[in-house]
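Below: the structure, in structure tokens.
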Amino acid sequence: MGRLQRVYDWLDARFDLDDAQTFLGKAFPAEDSFLLGEVALFCFLVLVLTGVFLGFFFEPSTSDVEYEGSVAQYQGQELPEAFVSVLNITYDVPFGMLLRRMHHWAAHLFVASIGLHMLRVFFQGAYRNPREPNWLVGSGLAGLAMFAAYTGYALPFDEFASTAVGIGYNVAKSVPVVGETLAYVVFGGEFPSSATIPRLYFLHVLVLPLAIAALIAVHMFILVRQKHTEAERGGDVEGRERVAADDDSVVVGLPAFPNQAAVSAVVFFLTLATLSLLAGFLPVHNVAEYGPNDPASTPDLIMPDWFLMWGYGFLKLIPSWMSFDLFGVHVSSEFVGGLVLPGLVFAGVFLWPFVDYEEEPTHFAASPLARPWQTAVGVAAVVFIMLASIAGMDVIVADVLGTSTAALKPYFIGLLAVGPVLAGGITYAALTGLGDDDEPPPSAADGGSPPPDRDQPKPGERGGDAP
Ligand code: HEM
């Protein structure tokens, strides 16, 4: 008996690998857009690994210490320890600059890939019965990912980032009745104070990554139990056995191992390569240039990260008459713009699978072209978020157009009210005018999706054990 076989038998006796082999042979519907979720997964892995490295050198403290690193302009100055440690990571720790940049770009790609993955799930109707629970878990992940990035943005305690993070503090404090408590829980009290950075650090390196990891585990568990949706089949599939085009009790795709595992490995290395390339060539948040946090000054331009810009847009556009008293409780425009409106957007996202509700389980992904009203709502939502984000950058827009932000405000409000309706209406008209309702939706045969049998077709029972 070979040595490898003996190792296998030893492990098999303990972990029942034969059973795992059956599991690994399960069919995995193959579609390139399904890989976006994997990109998000791998970004999270890179974030954890690079974050552990940064954790060895970052100091979560705002106490002043003397700077003795290689940035000449700060030599010998008393500066907040968090700021000093990020300068050290960037300029003095071996590989520090590369890994800090990789962490930064992985955070951006994480949020971007989550957004694109969510759009893919939305436009293909992959959230429908029985996958609503995974849509809910995914929406939670999207919120947590943005919050995790936000808490990380604050950590270097530089002038630009801490001013931008201060907007969140004001919004938290504006919540009626519980605002003070909320600001204390998230920011450790007054912002910025000596408690702020330790509190945000605790959330950033422990609470949020653990919560994200737990939700990813639930997301993957549900995915494995329910299996992927599958692209519409062009016709009957000839594999180890014949599977009818409309038979959704059987999944057609690649075996999870080794075929899909090999594809995932390629996606992993491509993600890593992209992040390394970005980190190698594109600098990130230049703390040396911004300088340490200075409560006495405000930078000319304050901006959150791009994925929070839509919420910032609401804050900019909310009219001041939205501040009022209700039954003796003060409701501020900051609360309405910074929390109520974004909260409504999130509520809409969470509730969507119950708006577009399907009584019967659906295991095939749909073509967006075959779902006019749902696609129209999706397009309107994307336009809405993009316009709100542009409104968040009103200072730059005003600068480019040579006008003032006050002059732009009514136009932005008008655009935000009309733009999405117009975009949704045009989409709906185009899709309903395009085709005959009796025609089947575009499928692999029409070039809508790649053919399901692009490799060895491998039917597997949906929800069963056998591949
Ligand atoms: C940390 C964030 C996330 C990770 C790591 C993640 C990962 C994944 C992966 C690897 C898959 C299988 C491959 C694929 O369909 O792309 C998947 C499927 C799915 N995800 Fe996510 N996801 C995340 C966030 C989200 C979000 C924000 C939503 C929606 C709000 C969502 C909803 C779904 C649904 C419904 C499926 C099943 C799709 C199908 O069967 O076709 N996920 N996710």
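Starting from 1 in every chain, residues are counted up; chains themselves are A, B, ... following the order of the structure tokens, and ligands are numbered from 1 as listed.
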Taking only C-alpha atoms and all ligand atoms into account, list the residues no farther than 7 Å from ligand 1, as a PyMOL selection string. chain A and resi 33-38+40-41+114-115+117-118+121+126-127+131-132+134-142+145+212+216+219-220+223+227-230+365
The distance between atom CA of A:Ser276 and atom CA of A:Val48 is 15.4 Å
A:Ala20, A:Val177, A:Leu11, A:Val329 ranked by distance to A:Ala256, top pick (using only C-alpha atoms):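 Among A:Ala20, A:Val177, A:Leu11, A:Val329, it is A:Ala20 that comes nearest to A:Ala256.
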Need the shell around A:Thr362: protein/DNA/RNA residues with any atom at most 8 Å away, counting only C-alpha atoms. Skip same-chain ones fewer than 5 positions apart. Format as number ranges by chain? A: 128-130, 229
List the spatial neighbours of stretch 284-289 of chain A as a PyMOL selection string - criterion: any atom at most 12 Å away, only C-alpha atoms, same-chain residues fewer than 5 positions off excluded. chain A and resi 69-75+79+82-91+97-108+152-162+278-279+305
Picked from stretch 258-407 of chain A by DSSP as alpha helix (DSSP H), as a VMD selection string: chain A and resid 261 to 281 287 to 290 309 to 317 333 to 335 341 to 355 372 to 392 394 to 401 405 to 407
Those of stretch 41-148 of chain A in DSSP strand (DSSP E), formatted as an MDAnalysis selection string: chainID A and resid 64:66 78:80
For the residues selected in the previous step, produce a file with N, CA and C atoms as a PDB file, in the first residue's frame.
ATOM      1  N   ASP A  64       0.008  61.447  22.289  1.00  0.00           N
ATOM      2  CA  ASP A  64       1.121  61.968  21.487  1.00  0.00           C
ATOM      3  C   ASP A  64       2.422  61.236  21.792  1.00  0.00           C
ATOM      4  N   VAL A  65       3.167  60.910  20.741  1.00  0.00           N
ATOM      5  CA  VAL A  65       4.509  60.332  20.911  1.00  0.00           C
ATOM      6  C   VAL A  65       5.444  61.059  19.933  1.00  0.00           C
ATOM      7  N   GLU A  66       6.728  60.980  20.217  1.00  0.00           N
ATOM      8  CA  GLU A  66       7.676  61.677  19.339  1.00  0.00           C
ATOM      9  C   GLU A  66       7.917  60.845  18.074  1.00  0.00           C
ATOM     10  N   GLU A  78       5.743  65.837  18.160  1.00  0.00           N
ATOM     11  CA  GLU A  78       4.830  65.032  18.991  1.00  0.00           C
ATOM     12  C   GLU A  78       3.543  64.826  18.190  1.00  0.00           C
ATOM     13  N   LEU A  79       3.232  63.575  17.873  1.00  0.00           N
ATOM     14  CA  LEU A  79       2.062  63.285  17.026  1.00  0.00           C
ATOM     15  C   LEU A  79       1.255  62.134  17.618  1.00  0.00           C
ATOM     16  N   PRO A  80      -0.061  62.048  17.259  1.00  0.00           N
ATOM     17  CA  PRO A  80      -0.865  60.927  17.786  1.00  0.00           C
ATOM     18  C   PRO A  80      -0.253  59.586  17.374  1.00  0.00           C
TER      19      PRO A  80
END
To one decimal in Å, tell me the separation between atom CA of A:Glu180 and atom CA of A:Tyr201. 19.8 Å
Just to confirm, what's the straight-line distance from atom CA of A:Ala211 to atom CA of A:Gly55 in Å (one decimal)? 18.5 Å
A:Phe191 surroundings by only C-alpha atoms, 7 Å radius, close-in-sequence under 2 positions cut, as an mmCIF file with all heavy atoms, in the first residue's frame:
data_model
loop_
_atom_site.group_PDB
_atom_site.id
_atom_site.type_symbol
_atom_site.label_atom_id
_atom_site.label_comp_id
_atom_site.auth_asym_id
_atom_site.auth_seq_id
_atom_site.Cartn_x
_atom_site.Cartn_y
_atom_site.Cartn_z
ATOM 1 N N GLY A 166 -16.105 61.973 11.134
ATOM 2 C CA GLY A 166 -16.875 62.807 12.069
ATOM 3 C C GLY A 166 -18.303 63.043 11.592
ATOM 4 O O GLY A 166 -19.214 63.250 12.402
ATOM 5 N N TYR A 169 -20.338 60.442 13.028
ATOM 6 C CA TYR A 169 -20.564 60.667 14.468
ATOM 7 C C TYR A 169 -21.764 61.603 14.653
ATOM 8 O O TYR A 169 -22.661 61.348 15.465
ATOM 9 C CB TYR A 169 -19.307 61.277 15.098
ATOM 10 C CG TYR A 169 -19.519 61.779 16.490
ATOM 11 C CD1 TYR A 169 -19.659 60.896 17.549
ATOM 12 C CD2 TYR A 169 -19.597 63.155 16.749
ATOM 13 C CE1 TYR A 169 -19.878 61.354 18.834
ATOM 14 C CE2 TYR A 169 -19.810 63.617 18.031
ATOM 15 C CZ TYR A 169 -19.948 62.724 19.079
ATOM 16 O OH TYR A 169 -20.170 63.182 20.351
ATOM 17 N N PHE A 187 -18.551 55.240 18.736
ATOM 18 C CA PHE A 187 -17.385 56.135 18.714
ATOM 19 C C PHE A 187 -16.734 56.311 20.089
ATOM 20 O O PHE A 187 -15.784 57.071 20.230
ATOM 21 C CB PHE A 187 -17.784 57.506 18.162
ATOM 22 C CG PHE A 187 -18.271 57.450 16.742
ATOM 23 C CD1 PHE A 187 -19.620 57.293 16.456
ATOM 24 C CD2 PHE A 187 -17.379 57.519 15.681
ATOM 25 C CE1 PHE A 187 -20.068 57.222 15.146
ATOM 26 C CE2 PHE A 187 -17.814 57.448 14.377
ATOM 27 C CZ PHE A 187 -19.164 57.295 14.111
ATOM 28 N N GLY A 189 -17.971 57.842 22.655
ATOM 29 C CA GLY A 189 -18.290 59.146 23.254
ATOM 30 C C GLY A 189 -17.954 60.272 22.302
ATOM 31 O O GLY A 189 -18.063 60.097 21.091
ATOM 32 N N SER A 193 -12.133 61.762 20.469
ATOM 33 C CA SER A 193 -11.594 61.791 21.836
ATOM 34 C C SER A 193 -10.608 60.635 21.964
ATOM 35 O O SER A 193 -10.442 59.863 21.023
ATOM 36 C CB SER A 193 -12.728 61.636 22.854
ATOM 37 O OG SER A 193 -13.212 60.316 22.784
ATOM 38 N N THR A 196 -12.021 57.276 20.925
ATOM 39 C CA THR A 196 -12.556 57.009 19.585
ATOM 40 C C THR A 196 -11.796 55.930 18.830
ATOM 41 O O THR A 196 -12.382 54.973 18.341
ATOM 42 C CB THR A 196 -12.521 58.310 18.733
ATOM 43 O OG1 THR A 196 -13.105 59.344 19.485
ATOM 44 C CG2 THR A 196 -13.264 58.114 17.429
#
Which residue gives the smallest distance to A:Gly392 among A:Val377, A:Ile318, A:Leu339, A:Val250, with only C-alpha atoms counted?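 Looking only at the distances to A:Gly392, the closest residue turns out to be A:Ile318.
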